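Source file: entry-v4.cif (mmCIF, C-alpha atoms)
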```cif
data_input
#
loop_
_atom_site.label_atom_id
_atom_site.label_comp_id
_atom_site.auth_asym_id
_atom_site.auth_seq_id
_atom_site.Cartn_x
_atom_site.Cartn_y
_atom_site.Cartn_z
CA MET N 248 0.00 0.00 0.00
CA ASN N 249 1.82 3.11 -1.25
CA LEU N 250 0.59 6.43 -0.01
CA SER N 251 0.71 9.40 -2.36
CA GLU N 252 1.11 13.07 -1.64
CA ILE N 253 -2.01 14.98 -2.63
CA TYR N 254 -2.04 18.50 -4.06
CA TYR N 255 -5.08 20.69 -4.64
CA PRO N 256 -4.00 23.44 -7.07
CA HIS N 257 -6.32 26.44 -7.41
CA SER N 258 -5.22 27.38 -10.93
CA VAL N 259 -3.57 25.88 -13.99
CA GLN N 260 -0.51 28.04 -13.28
CA GLU N 261 -0.21 26.54 -9.81
CA LEU N 262 -0.68 23.05 -11.28
CA ILE N 263 2.14 23.59 -13.77
CA VAL N 264 4.47 24.66 -10.94
CA ILE N 265 3.60 21.45 -9.08
CA MET N 266 4.18 19.41 -12.26
CA GLU N 267 7.61 20.98 -12.65
CA ARG N 268 8.55 19.94 -9.12
CA GLN N 269 7.04 16.45 -9.06
CA LYS N 270 8.28 13.89 -11.57
CA ASN N 271 5.69 11.16 -11.11
CA ILE N 272 2.42 12.96 -10.76
CA GLN N 273 -1.07 11.74 -11.49
CA ILE N 274 -3.59 14.33 -12.58
CA VAL N 275 -7.00 13.43 -11.21
CA ALA N 276 -10.41 15.08 -11.60
CA GLY N 277 -13.18 12.50 -11.26
CA ALA N 278 -10.89 9.48 -10.79
CA THR N 279 -13.68 7.16 -11.96
CA SER N 280 -11.33 4.99 -14.02
CA PHE N 281 -9.09 4.41 -11.00
CA GLY N 282 -11.95 3.70 -8.62
CA TYR N 283 -13.71 1.42 -11.07
CA ILE N 284 -10.80 -0.54 -12.51
CA GLN N 285 -8.83 -1.09 -9.33
CA GLU N 286 -10.33 -4.08 -7.58
CA PRO N 287 -8.47 -3.94 -4.25
CA ARG N 288 -10.18 -2.08 -1.45
CA TYR N 289 -7.24 0.31 -1.29
CA LEU N 290 -6.50 2.47 -4.31
CA SER N 291 -3.05 3.08 -5.73
CA PHE N 292 -1.75 6.12 -7.56
CA GLU N 293 1.56 7.63 -8.59
CA PRO N 294 3.67 9.05 -5.72
CA SER N 295 2.02 12.46 -6.22
CA ILE N 296 -1.57 13.32 -7.10
CA ALA N 297 -2.84 16.68 -8.34
CA CYS N 298 -6.57 16.97 -7.85
CA ILE N 299 -7.84 19.45 -10.46
CA ARG N 300 -11.54 19.06 -9.74
CA ASN N 301 -11.87 22.57 -8.35
CA VAL N 302 -9.65 24.52 -10.73
CA PRO N 303 -12.18 27.12 -11.95
CA GLU N 304 -10.70 27.59 -15.44
CA LEU N 305 -10.99 23.86 -16.11
CA LYS N 306 -14.70 23.82 -15.29
CA THR N 307 -16.06 26.45 -17.64
CA ILE N 308 -17.89 26.10 -20.95
CA HIS N 309 -17.45 28.94 -23.46
CA LYS N 310 -19.35 29.35 -26.68
CA THR N 311 -18.53 31.77 -29.47
CA GLU N 312 -19.94 32.13 -32.97
CA ARG N 313 -17.33 29.71 -34.29
CA MET N 314 -16.68 27.18 -31.56
CA ILE N 315 -17.58 25.71 -28.23
CA SER N 316 -14.89 25.07 -25.65
CA PHE N 317 -15.15 22.82 -22.58
CA GLY N 318 -12.78 22.84 -19.63
CA ALA N 319 -11.22 19.41 -19.21
CA ALA N 320 -12.71 19.03 -15.71
CA CYS N 321 -16.31 19.46 -16.90
CA SER N 322 -18.29 16.38 -15.96
CA LEU N 323 -19.93 14.33 -18.71
CA SER N 324 -23.33 15.25 -17.22
CA GLU N 325 -22.58 18.95 -17.63
CA LEU N 326 -22.11 18.45 -21.38
CA GLU N 327 -25.54 16.91 -21.98
CA SER N 328 -27.17 20.22 -22.80
CA VAL N 329 -24.51 21.69 -25.09
CA TYR N 330 -23.26 21.14 -28.64
CA PRO N 331 -22.80 18.48 -29.95
CA PHE N 332 -24.53 16.46 -27.23
CA GLU N 333 -27.77 18.42 -26.99
CA LYS N 334 -29.36 16.35 -29.74
CA ASN N 335 -29.59 12.69 -30.62
CA PRO N 336 -27.73 10.56 -31.61
CA ALA N 337 -24.74 12.31 -29.96
CA ARG N 338 -26.67 12.58 -26.68
CA GLU N 339 -27.35 8.85 -26.74
CA VAL N 340 -23.64 8.12 -27.09
CA LEU N 341 -22.88 10.42 -24.16
CA ARG N 342 -25.49 8.70 -22.02
CA ALA N 343 -24.21 5.28 -23.06
CA THR N 344 -20.72 6.04 -21.72
CA ALA N 345 -21.79 5.25 -18.16
CA ASN N 346 -24.79 5.49 -15.85
CA SER N 347 -25.72 8.89 -14.47
CA ALA N 348 -24.02 8.27 -11.10
CA VAL N 349 -20.73 7.88 -12.96
CA ARG N 350 -21.36 10.63 -15.55
CA ASN N 351 -21.92 13.07 -12.69
CA ILE N 352 -18.30 12.71 -11.65
CA ALA N 353 -16.40 11.44 -14.71
CA THR N 354 -14.85 14.28 -16.71
CA ILE N 355 -14.44 14.84 -20.43
CA GLY N 356 -10.69 15.27 -19.89
CA GLY N 357 -10.40 11.91 -18.17
CA HIS N 358 -12.53 10.33 -20.88
CA LEU N 359 -10.23 11.56 -23.66
CA MET N 360 -6.98 10.93 -21.79
CA TYR N 361 -7.74 7.28 -20.99
CA GLN N 362 -4.48 5.54 -21.80
CA LYS N 363 -5.63 2.07 -22.80
CA ARG N 364 -8.08 2.76 -25.61
CA PHE N 365 -10.33 5.31 -27.23
CA LEU N 366 -13.56 5.63 -25.30
CA ALA N 367 -17.04 6.26 -26.67
CA LEU N 368 -16.93 10.01 -27.33
CA TRP N 369 -13.53 9.98 -29.02
CA PRO N 370 -14.62 9.00 -32.58
CA LEU N 371 -17.48 11.51 -32.50
CA LEU N 372 -15.15 14.33 -31.43
CA ALA N 373 -12.61 13.21 -34.06
CA CYS N 374 -15.30 13.49 -36.74
CA LEU N 375 -16.05 17.03 -35.55
CA ASP N 376 -12.42 18.20 -35.94
CA THR N 377 -11.99 18.73 -32.21
CA GLU N 378 -8.88 20.52 -31.02
CA LEU N 379 -7.25 19.92 -27.66
CA GLU N 380 -5.38 22.57 -25.70
CA PHE N 381 -2.48 21.31 -23.58
CA LYS N 382 -0.49 23.31 -21.07
CA GLY N 383 2.81 22.48 -19.46
CA PRO N 384 6.02 24.02 -18.21
CA SER N 385 7.12 24.64 -21.82
CA GLY N 386 3.97 26.54 -22.78
CA THR N 387 0.63 25.99 -24.50
CA SER N 388 -0.02 23.82 -27.53
CA ILE N 389 -3.18 23.14 -29.50
CA LYS N 390 -3.51 19.90 -31.43
CA ASN N 391 -6.18 18.17 -33.43
CA ILE N 392 -7.56 15.26 -31.44
CA TRP N 393 -6.25 12.92 -34.15
CA TYR N 394 -2.68 13.60 -32.95
CA LEU N 395 -3.45 11.45 -29.91
CA THR N 396 -3.01 8.38 -32.14
CA ASN N 397 0.20 6.85 -33.40
CA GLU N 398 0.88 5.00 -36.65
CA GLU N 399 -0.43 1.79 -35.13
CA GLY N 400 -3.72 3.51 -34.36
CA LEU N 401 -3.06 3.29 -30.62
CA PRO N 402 -3.44 6.13 -28.08
CA THR N 403 -0.38 8.28 -27.49
CA LEU N 404 -0.72 10.75 -24.69
CA GLU N 405 1.26 13.90 -24.06
CA SER N 406 3.55 13.46 -21.10
CA ARG N 407 4.26 16.28 -18.65
CA ARG N 408 1.42 18.31 -20.13
CA ILE N 409 -2.14 18.70 -19.02
CA LEU N 410 -5.21 18.77 -21.22
CA THR N 411 -6.89 22.03 -20.32
CA ARG N 412 -9.60 22.64 -22.93
CA ILE N 413 -11.52 20.79 -25.63
CA ARG N 414 -12.54 22.99 -28.56
CA ILE N 415 -15.11 21.92 -31.12
CA PRO N 416 -15.81 24.07 -34.19
CA LEU N 417 -19.51 24.85 -34.49
CA GLN N 418 -20.55 23.46 -37.82
CA SER N 419 -23.73 22.41 -39.44
CA ILE N 420 -23.85 18.63 -39.40
CA ASP N 421 -26.45 17.45 -41.86
CA TYR N 422 -25.96 13.76 -41.27
CA LEU N 423 -24.59 11.85 -38.31
CA PHE N 424 -24.32 8.06 -38.33
CA ILE N 425 -23.26 6.26 -35.15
CA ARG N 426 -23.05 2.50 -34.63
CA ARG N 427 -21.58 0.56 -31.76
CA THR N 428 -20.11 -2.89 -32.25
CA GLY N 429 -18.82 -5.60 -29.95
CA GLY N 430 -19.08 -5.70 -26.18
CA GLY N 431 -18.04 -3.04 -23.72
CA ILE N 432 -15.37 -0.47 -24.41
CA PHE N 433 -14.45 0.53 -20.87
CA PRO N 434 -12.26 -0.59 -19.25
CA ASP N 435 -10.91 -3.10 -21.79
CA GLY N 436 -13.66 -4.69 -23.89
CA ASP N 437 -13.60 -5.36 -27.62
CA GLY N 438 -16.27 -2.76 -28.42
CA ALA N 439 -15.90 0.11 -30.87
CA TYR N 440 -17.87 3.01 -32.29
CA LEU N 441 -18.13 3.84 -35.96
CA VAL N 442 -19.07 7.49 -36.45
CA SER N 443 -19.64 9.29 -39.71
CA ALA N 444 -20.47 13.00 -40.01
CA CYS N 445 -21.37 14.82 -43.20
CA SER N 446 -22.21 18.38 -44.24
CA ILE N 447 -23.85 19.28 -47.52
CA GLU N 448 -23.88 22.61 -49.31
CA ARG N 449 -25.65 23.30 -52.58
CA ASN N 450 -26.16 19.66 -53.54
CA SER N 451 -22.53 18.88 -52.90
CA ILE N 452 -20.79 17.17 -49.96
CA SER N 453 -18.68 19.84 -48.27
CA ASN N 454 -17.38 17.77 -45.37
CA PHE N 455 -17.24 14.05 -44.70
CA LYS N 456 -15.52 12.15 -41.92
CA LEU N 457 -15.69 8.50 -40.91
CA VAL N 458 -13.87 7.27 -37.82
CA ILE N 459 -13.78 3.88 -36.12
CA ALA N 460 -12.32 3.85 -32.63
CA GLY N 461 -12.04 1.50 -29.71
CA GLN N 462 -8.85 -0.36 -29.05
CA ARG N 463 -7.42 1.40 -32.11
CA ALA N 464 -8.47 4.42 -34.12
CA TYR N 465 -8.95 4.23 -37.87
CA ARG N 466 -9.67 6.76 -40.56
CA ASP N 467 -9.04 6.82 -44.32
CA TYR N 468 -8.29 10.38 -45.48
CA ASP N 469 -8.17 9.39 -49.15
CA ALA N 470 -11.59 7.78 -49.07
CA GLU N 471 -12.96 10.87 -47.29
CA GLN N 472 -11.47 13.10 -49.97
CA LYS N 473 -13.08 10.92 -52.63
CA ILE N 474 -16.46 11.76 -51.11
CA VAL N 475 -15.85 15.44 -50.29
CA SER N 476 -16.83 17.76 -53.17
CA SER N 477 -18.83 14.98 -54.81
CA PRO N 478 -22.37 15.83 -55.82
CA TYR N 479 -25.07 14.75 -53.42
CA PRO N 480 -26.51 12.11 -53.68
CA LEU N 481 -23.29 10.25 -54.45
CA THR N 482 -23.10 8.61 -57.87
CA GLU N 483 -22.88 4.82 -57.87
CA ARG N 484 -19.32 5.13 -59.14
CA VAL N 485 -18.17 7.35 -56.24
CA PHE N 486 -20.08 5.23 -53.74
CA GLN N 487 -18.46 1.98 -54.86
CA SER N 488 -15.05 3.56 -55.29
CA ALA N 489 -15.08 4.99 -51.73
CA LEU N 490 -16.29 1.68 -50.34
CA ARG N 491 -13.49 -0.15 -52.14
CA MET N 492 -10.94 2.31 -50.71
CA TYR N 493 -12.25 1.71 -47.18
CA SER N 494 -12.16 -2.04 -47.73
CA GLU N 495 -8.57 -1.94 -48.97
CA SER N 496 -7.32 0.31 -46.18
CA LEU N 497 -9.06 -1.78 -43.50
CA LEU N 498 -7.30 -4.85 -44.90
CA ARG N 499 -3.99 -3.00 -45.14
CA THR N 500 -4.02 -1.57 -41.62
CA ASN N 501 -5.57 -4.70 -40.10
CA PHE N 502 -6.84 -2.57 -37.18
CA TRP N 503 -10.41 -3.77 -37.50
CA ASN N 504 -12.26 -6.73 -38.93
CA THR N 505 -12.93 -5.91 -42.58
CA GLU N 506 -15.85 -8.33 -42.85
CA LEU N 507 -17.59 -6.58 -39.96
CA PHE N 508 -16.85 -2.97 -40.81
CA VAL N 509 -17.18 -2.80 -44.60
CA PRO N 510 -20.92 -3.62 -44.39
CA LEU N 511 -21.27 -0.98 -41.65
CA ILE N 512 -19.46 1.63 -43.77
CA SER N 513 -21.68 0.65 -46.67
CA GLN N 514 -24.70 1.16 -44.40
CA ALA N 515 -23.39 4.59 -43.35
CA LEU N 516 -23.03 5.66 -47.00
CA ASP N 517 -26.34 4.09 -47.95
CA ASN N 518 -28.15 5.90 -45.13
CA LEU N 519 -26.49 9.13 -46.25
CA GLN N 520 -27.89 8.57 -49.75
CA ARG N 521 -31.38 7.95 -48.44
CA SER N 522 -31.52 10.62 -45.72
CA SER N 523 -33.79 13.57 -46.33
CA ILE N 524 -31.31 16.23 -45.38
CA LEU N 525 -31.78 18.66 -48.22
CA MET O 1486 -3.88 14.42 5.42
CA ASN O 1487 -6.70 16.36 7.06
CA ILE O 1488 -9.70 17.38 4.99
CA GLU O 1489 -12.93 19.20 5.69
CA PHE O 1490 -16.23 18.67 3.94
CA THR O 1491 -19.91 19.07 4.69
CA LEU O 1492 -21.76 15.84 5.43
CA ASN O 1493 -25.51 15.99 5.86
CA GLY O 1494 -25.31 19.67 6.71
CA ASN O 1495 -22.53 19.32 9.29
CA LEU O 1496 -18.87 20.20 8.87
CA GLN O 1497 -16.66 17.10 9.07
CA ARG O 1498 -12.94 17.17 9.81
CA ILE O 1499 -11.31 13.85 9.10
CA THR O 1500 -7.89 12.39 8.35
CA ILE O 1501 -7.58 10.43 5.12
CA THR O 1502 -4.90 8.88 2.93
CA SER O 1503 -4.70 8.66 -0.86
CA VAL O 1504 -5.60 4.96 -0.86
CA GLU O 1505 -9.00 5.19 0.81
CA ARG O 1506 -12.33 5.17 -0.95
CA ALA O 1507 -15.00 7.68 0.06
CA PHE O 1508 -17.33 4.75 0.81
CA ASP O 1509 -15.04 3.38 3.53
CA VAL O 1510 -14.29 6.76 5.05
CA LEU O 1511 -17.98 7.64 5.27
CA ILE O 1512 -18.71 4.37 7.09
CA ASN O 1513 -15.64 4.11 9.29
CA GLN O 1514 -14.96 7.72 10.18
CA CYS O 1515 -18.28 9.47 9.71
CA GLY O 1516 -20.62 6.77 11.02
CA ILE O 1517 -22.81 6.44 7.91
CA LYS O 1518 -24.92 3.29 8.28
CA SER O 1519 -27.15 3.46 5.22
CA PHE O 1520 -24.82 1.73 2.74
CA SER O 1521 -25.15 -1.98 2.01
CA GLU O 1522 -22.10 -4.06 1.24
CA ILE O 1523 -20.82 -3.64 -2.32
CA SER O 1524 -21.57 -6.50 -4.70
CA PRO O 1525 -18.47 -8.33 -6.01
CA ASP O 1526 -19.00 -7.12 -9.59
CA ARG O 1527 -19.58 -3.57 -8.29
CA ASP O 1528 -22.65 -3.29 -10.51
CA CYS O 1529 -24.79 -2.21 -7.62
CA SER O 1530 -25.70 1.19 -6.32
CA ASN O 1531 -25.59 0.65 -2.62
CA CYS O 1532 -22.90 3.24 -2.18
CA LEU O 1533 -24.77 6.22 -3.67
CA ILE O 1534 -24.29 9.64 -2.13
CA LEU O 1535 -25.28 13.10 -3.28
CA TYR O 1536 -21.99 14.78 -4.13
CA ASP O 1537 -22.57 18.48 -4.56
CA GLY O 1538 -26.22 17.61 -5.07
CA LYS O 1539 -25.76 14.88 -7.66
CA PRO O 1540 -25.87 11.10 -7.23
CA VAL O 1541 -22.38 9.61 -7.33
CA CYS O 1542 -21.02 6.14 -6.45
CA SER O 1543 -18.94 6.63 -3.31
CA TYR O 1544 -17.18 3.29 -3.83
CA ILE O 1545 -15.40 4.47 -6.98
CA LEU O 1546 -14.70 7.91 -5.48
CA PRO O 1547 -11.33 8.37 -3.77
CA ALA O 1548 -11.74 9.87 -0.32
CA PHE O 1549 -9.49 12.82 -1.15
CA LEU O 1550 -12.15 14.06 -3.57
CA LEU O 1551 -14.50 14.69 -0.63
CA ARG O 1552 -12.45 17.74 0.35
CA GLU O 1553 -14.50 20.96 0.44
CA GLN O 1554 -17.56 19.25 -1.07
CA HIS O 1555 -21.14 18.93 0.12
CA VAL O 1556 -22.20 15.33 0.65
CA GLU O 1557 -25.60 14.00 1.60
CA THR O 1558 -26.66 10.46 2.38
CA ILE O 1559 -30.18 9.17 2.94
CA GLU O 1560 -29.81 9.90 6.68
CA TYR O 1561 -30.12 13.59 5.77
CA PHE O 1562 -33.57 13.12 4.25
CA ALA O 1563 -34.96 10.30 6.39
CA LYS O 1564 -36.81 12.60 8.77
CA SER O 1565 -38.11 15.00 6.12
CA LYS O 1566 -41.74 15.46 5.14
CA GLU O 1567 -40.96 14.59 1.52
CA TYR O 1568 -39.38 11.28 2.55
CA ASP O 1569 -42.43 10.32 4.63
CA LEU O 1570 -44.82 11.30 1.84
CA LEU O 1571 -42.89 9.33 -0.77
CA SER O 1572 -42.58 6.26 1.46
CA ALA O 1573 -46.32 6.34 2.13
CA GLU O 1574 -47.10 6.79 -1.56
CA LEU O 1575 -44.78 3.95 -2.60
CA GLU O 1576 -46.27 1.67 0.03
CA LYS O 1577 -49.78 2.54 -1.15
CA GLU O 1578 -48.83 1.70 -4.75
CA GLY O 1579 -47.01 -1.51 -3.70
CA LEU O 1580 -43.72 -0.12 -4.97
CA LEU O 1581 -41.48 -0.47 -1.94
CA SER O 1582 -38.16 -1.95 -3.03
CA CYS O 1583 -36.06 -4.50 -1.20
CA THR O 1584 -33.98 -3.34 1.76
CA TYR O 1585 -30.86 -3.83 -0.37
CA CYS O 1586 -31.76 -1.05 -2.85
CA ASN O 1587 -34.18 1.00 -0.78
CA ASN O 1588 -31.74 3.60 0.57
CA SER O 1589 -30.25 4.37 -2.84
CA LEU O 1590 -33.69 4.46 -4.44
CA MET O 1591 -34.99 6.90 -1.84
CA LEU O 1592 -31.83 9.01 -2.13
CA VAL O 1593 -32.19 9.50 -5.88
CA ALA O 1594 -35.91 10.12 -5.37
CA MET O 1595 -35.09 12.87 -2.86
CA GLU O 1596 -32.64 14.39 -5.33
CA LEU O 1597 -35.35 14.43 -8.00
CA VAL O 1598 -37.93 15.84 -5.57
CA HIS O 1599 -35.61 18.71 -4.61
CA ARG O 1600 -34.76 19.73 -8.17
CA SER O 1601 -35.97 23.20 -9.02
CA LEU O 1602 -37.48 21.97 -12.31
CA THR O 1603 -39.76 18.98 -12.49
CA PRO O 1604 -37.74 16.10 -13.95
CA SER O 1605 -38.94 14.47 -17.15
CA LEU O 1606 -39.85 10.80 -17.33
CA TYR O 1607 -36.66 10.28 -19.32
CA GLU O 1608 -34.54 11.91 -16.59
CA ILE O 1609 -36.16 9.73 -13.94
CA SER O 1610 -35.58 6.57 -16.00
CA ASP O 1611 -31.99 7.64 -16.66
CA ILE O 1612 -31.24 8.08 -12.97
CA LEU O 1613 -33.05 4.85 -12.05
CA ALA O 1614 -30.79 3.03 -14.50
CA SER O 1615 -27.90 3.83 -12.14
CA LEU O 1616 -29.50 1.70 -9.46
CA HIS O 1617 -29.50 -1.70 -11.17
CA CYS O 1618 -32.63 -2.39 -9.11
CA GLN O 1619 -34.70 -5.27 -10.45
CA CYS O 1620 -37.42 -5.15 -7.83
CA ILE O 1621 -39.41 -2.10 -8.88
CA ASP O 1622 -41.24 -1.13 -12.04
CA PRO O 1623 -39.34 2.01 -13.18
CA ARG O 1624 -42.38 3.47 -14.97
CA ALA O 1625 -44.69 3.01 -11.99
CA PHE O 1626 -42.03 4.45 -9.70
CA ALA O 1627 -41.55 7.44 -12.01
CA ASN O 1628 -45.30 8.09 -12.13
CA THR O 1629 -45.57 7.94 -8.33
CA LEU O 1630 -42.63 10.28 -7.98
CA LEU O 1631 -44.06 12.76 -10.48
CA LYS O 1632 -47.40 12.67 -8.65
CA LEU O 1633 -45.64 13.50 -5.39
CA ILE O 1634 -43.63 16.30 -7.01
CA GLN O 1635 -46.86 17.81 -8.33
CA GLN O 1636 -48.46 17.56 -4.87
CA LEU O 1637 -45.44 19.19 -3.26
CA ALA O 1638 -45.40 21.94 -5.86
CA ILE O 1639 -48.98 22.77 -4.93
CA ALA O 1640 -48.13 22.59 -1.23
CA ARG O 1641 -45.13 24.88 -1.71
CA LYS O 1642 -47.29 27.58 -3.22
CA LEU O 1643 -49.41 27.77 -0.09
CA PRO O 1644 -48.33 30.35 2.52
#
```

Is it possible to give me this structure as structure tokens?
Amino acid sequence: MNLSEIYYPHSVQELIVIMERQKNIQIVAGATSFGYIQEPRYLSFEPSIACIRNVPELKTIHKTERMISFGAACSLSELESVYPFEKNPAREVLRATANSAVRNIATIGGHLMYQKRFLALWPLLACLDTELEFKGPSGTSIKNIWYLTNEEGLPTLESRRILTRIRIPLQSIDYLFIRRTGGGIFPDGDGAYLVSACSIERNSISNFKLVIAGQRAYRDYDAEQKIVSSPYPLTERVFQSALRMYSESLLRTNFWNTELFVPLISQALDNLQRSSIL
Amino acid sequence: MNIEFTLNGNLQRITITSVERAFDVLINQCGIKSFSEISPDRDCSNCLILYDGKPVCSYILPAFLLREQHVETIEYFAKSKEYDLLSAELEKEGLLSCTYCNNSLMLVAMELVHRSLTPSLYEISDILASLHCQCIDPRAFANTLLKLIQQLAIARKLP
């Protein structure tokens, strides 16, 4: 049973000073993953813990004309009434992450910084071009959420930096397709989410993203580009060509079962064709 | 380390370590008796507390997160008028749950009763889903709860 030293910083600045001094520090806000995963009665953490639950700047939600920004310590429940979770099917995914007694304490920062896999909201936020703001002793950096993956499609987290804000551009999403496969995702199941988001302007597809994430994260930029700028509805040629590209890249990367996901991608594209979004 | 927090309206000063769960500290140091033992798969809700007014599982919560928070357990509500009214109404409708889930069920009911806005049926179902309780009909429970909330709303308007 190793006891840790606990710090309660009042600001991000104070937290960064603590991080500079302490080498092995665990940043904790809701701590649900620790409390849930660890079976022993007594919990174990790194030698130092920084509890950021009450850092005011990490608890705010800002909205401008162009984007919405959540503090990393906002609970999942607090996000239920804001973009993109205020409407189904995004709200359903948020509510499926955990029961309300867990969502009341689990934070969006902890959800995205889970080291072992990509949890339920990750593919949705990746489809929405979410940017993450990190702060550390060397300054502030802003990265697209996709930079949390490595070439193997596995999570790579920033060390010695803290996720402070999650920024999502406000955009008109005309079509959102979400399917869950497999068993559980948290803490270590074989489940995954396939999310596809699409925007349409003047009978043409202006934005298209399709992300599969669970144990690994997958996306095919070339196939997306094949669809973007195509007339809507997609011609049979573009439809089949994009589907073939997805099939080939799923086989090439071997991240996900091609036989399972190609039909789902086909369903996503087919639903897009048949949706009454115009 | 020493922490302070408000438990059932009273300031608590306790000594905790990083390894303790809030559940154990509330029982062993604060004398809370309303929790049942946690099921081995932890898919129960017998550890529910109101943490800054919202239901949270105290078993997955490290004790150090109690610092400077407001915590309520069912003991806080057990002598209230709303608790008595709801118990009577549930008994009348044959909706009393088993002793294993009863405290958590009544705690979330009290949270819903004290909300400033009347909860929707969906919100009630959502919160009941946290309880993993198989012994009540969620819809009947929600209807009884909404009836009580409406009665209390009328009562609150009276001088």

Can you give me, as a PDB file with C-alpha atoms, keeping the file's coordinate frame, the residues this file yields under the PyMOL selection byres ((chain N and resi 500-515) around 9)?
```pdb
ATOM      1  CA  GLU N 399      -0.430   1.790 -35.130  1.00  0.00           C
ATOM      2  CA  GLY N 400      -3.720   3.510 -34.360  1.00  0.00           C
ATOM      3  CA  LEU N 423     -24.590  11.850 -38.310  1.00  0.00           C
ATOM      4  CA  PHE N 424     -24.320   8.060 -38.330  1.00  0.00           C
ATOM      5  CA  ILE N 425     -23.260   6.260 -35.150  1.00  0.00           C
ATOM      6  CA  ARG N 426     -23.050   2.500 -34.630  1.00  0.00           C
ATOM      7  CA  THR N 428     -20.110  -2.890 -32.250  1.00  0.00           C
ATOM      8  CA  LEU N 441     -18.130   3.840 -35.960  1.00  0.00           C
ATOM      9  CA  VAL N 442     -19.070   7.490 -36.450  1.00  0.00           C
ATOM     10  CA  SER N 443     -19.640   9.290 -39.710  1.00  0.00           C
ATOM     11  CA  LEU N 457     -15.690   8.500 -40.910  1.00  0.00           C
ATOM     12  CA  ILE N 459     -13.780   3.880 -36.120  1.00  0.00           C
ATOM     13  CA  GLN N 462      -8.850  -0.360 -29.050  1.00  0.00           C
ATOM     14  CA  ARG N 463      -7.420   1.400 -32.110  1.00  0.00           C
ATOM     15  CA  ALA N 464      -8.470   4.420 -34.120  1.00  0.00           C
ATOM     16  CA  TYR N 465      -8.950   4.230 -37.870  1.00  0.00           C
ATOM     17  CA  PHE N 486     -20.080   5.230 -53.740  1.00  0.00           C
ATOM     18  CA  GLN N 487     -18.460   1.980 -54.860  1.00  0.00           C
ATOM     19  CA  LEU N 490     -16.290   1.680 -50.340  1.00  0.00           C
ATOM     20  CA  ARG N 491     -13.490  -0.150 -52.140  1.00  0.00           C
ATOM     21  CA  TYR N 493     -12.250   1.710 -47.180  1.00  0.00           C
ATOM     22  CA  SER N 494     -12.160  -2.040 -47.730  1.00  0.00           C
ATOM     23  CA  GLU N 495      -8.570  -1.940 -48.970  1.00  0.00           C
ATOM     24  CA  SER N 496      -7.320   0.310 -46.180  1.00  0.00           C
ATOM     25  CA  LEU N 497      -9.060  -1.780 -43.500  1.00  0.00           C
ATOM     26  CA  LEU N 498      -7.300  -4.850 -44.900  1.00  0.00           C
ATOM     27  CA  ARG N 499      -3.990  -3.000 -45.140  1.00  0.00           C
ATOM     28  CA  LEU N 516     -23.030   5.660 -47.000  1.00  0.00           C
ATOM     29  CA  ASP N 517     -26.340   4.090 -47.950  1.00  0.00           C
ATOM     30  CA  ASN N 518     -28.150   5.900 -45.130  1.00  0.00           C
ATOM     31  CA  LEU N 519     -26.490   9.130 -46.250  1.00  0.00           C
ATOM     32  CA  GLN N 520     -27.890   8.570 -49.750  1.00  0.00           C
TER      33      GLN N 520
END
```

Nearest to chain N among O:Ala1638, O:Leu1597, O:Ala1614, O:Ala1625, with distances taken over only C-alpha atoms: which residue is it? O:Ala1614

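Shortest separation to chain O among N:His358, N:Arg414, N:Arg484, N:Arg342 occurs at residue N:Arg342, atoms counted being only C-alpha atoms.
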
Please provide as a PyMOL selection string all residues within 12 Å of N:Gly430, with the sequence filter that same-chain residues fewer than 6 positions apart are discarded (counting all atoms listed in the file). chain N and resi 436-440+461-462

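Closest to O:Gln1554 among O:Lys1566, O:Arg1506, O:Lys1577, O:Lys1539 is O:Lys1539, based on only C-alpha atoms.
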
Option closest in space to N:Leu359, from N:Glu339, N:Glu312, N:Asp469, N:Glu405 [counting only C-alpha atoms]: N:Glu405

Evaluating the PyMOL selection byres ((chain N) within 8 of (chain O)) on the displayed file yields which residues, as an MDAnalysis selection string? chainID N and resid 248:253 277:279 281:283 288:292 298 300 346:349 351:352

List the residues selected by the PyMOL selection byres ((chain O and resi 1563) around 12) in the file shown, writing them as a list of chain:residue names. O:Asn1493, O:Ser1519, O:Glu1557, O:Thr1558, O:Ile1559, O:Glu1560, O:Tyr1561, O:Phe1562, O:Lys1564, O:Ser1565, O:Lys1566, O:Glu1567, O:Tyr1568, O:Asp1569, O:Leu1570, O:Leu1571, O:Ser1572, O:Asn1587, O:Asn1588, O:Ser1589, O:Met1591, O:Leu1592, O:Ala1594, O:Met1595

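What separates atom CA of N:Ile432 from atom CA of N:Ala297 is a distance of 26.6 Å.
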
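Taking atom CA of N:Ile389 and atom CA of N:Leu375 as endpoints, the distance between them is 15.5 Å.
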
May I have the centre and edge lengths, in Å to one decimal, of an axis-aligned box around the listed atoms of stretch 1489-1503 of chain O with 6 Å added to every side, as JSON?
```
{"center_x": -15.1, "center_y": 14.4, "center_z": 4.5, "size_x": 32.8, "size_y": 23.5, "size_z": 22.7}
```

Please indicate the distance in Å from atom CA of N:Asn391 to atom CA of N:Tyr254, rounded to one decimal place. 29.7 Å

I'd like the neighbourhood of N:Phe317 as an MDAnalysis selection string, where a residue qualifies if any of its atoms comes within 7 Å (using all atoms listed in the file), though same-chain residues fewer than 4 positions away should be ignored. chainID N and resid 307:309 321 412:414

Do a neighbour search on N:Ile392 at 7 Å with all atoms listed in the file, toss out local chain neighbours closer than 4 positions, and write the hits as a PyMOL selection string. chain N and resi 373+377-379

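Among the candidates O:Ser1601, O:Leu1631, O:Leu1551, O:Gly1494, the residue lying nearest to O:Leu1511 is O:Leu1551 (atoms considered: all atoms listed in the file).
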